[in-house]
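The next block holds one structure in the form of structure tokens; read it before the comments.
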Amino acid sequence: MSSIDDRIVQVEHHFGVRFPQDYRDFLRTTGSLSQFVPPADDFLVIEALDELIGINEAGEFQKRFPGAVVIGGDGSRELLAYDFRQDTPPLVTLDVSAEDWSSAIHQAPSLSALLKHFPQTGWKWDDTDPSPS
């Protein structure tokens, strides 16, 4: 097992979760992402592995969103998080000032799906269609 694999396991252990395989693969290869994504031209940030614990502890996200692990966001107020309350955790956005899960907006069933559709769709700002596309 490589040192990146060891670090992934340490971070998973910290949160008491196992990240989906596509996210683990992303962390192993790409690592992080921070850019405007054309043609949607929405800003997408996916944090580096070593940033995850600090980001999640900074906003007391586990207190407000039990089962959430923030992995990125829009570079502003919207945080991209896995919802580990579900067996297959989807990705949702949570407003940085939200008090609880009621404001979560479904983004994608997986990181692979998000990265595939994001260039065309950008961020979803309402939860009118929470089903996977």
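Each chain in the structure tokens gets a letter, A, B, ..., in the order shown, and its residues are numbered from 1; ligands are numbered from 1 in order too.
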
For stretch 52-67 of chain A, list every protein, DNA or RNA residue within 6 Å, evaluated using only C-alpha atoms, and leave out those in the same chain fewer than 6 positions away; present the list as a PyMOL selection string.
chain A and resi 83-85+99-101

Step one, run DSSP on the backbone; step two, keep only residues of chain A assigned to helix (DSSP H, G or I); then write them as a VMD selection string.
chain A and resid 3 to 15 21 to 29 49 to 58 61 to 64 101 to 103 111 to 121

Write out as number ranges by chain the residues lying within 10 Å of A:Asp126, counting only C-alpha atoms and excluding same-chain residues fewer than 4 positions away.
A: 93, 103-107, 130

Nearest to A:Thr88, chosen from A:Leu111, A:Gly31, A:Ser3, A:Leu49, with only C-alpha atoms counted in the distances
A:Leu111

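Residues with any atom within 12 Å of A:Asp87, counting only C-alpha atoms and excluding same-chain neighbours fewer than 5 positions away, are Val17, Arg18, Phe19, Pro20, Gly67, Tyr82 and Pro109 of chain A.
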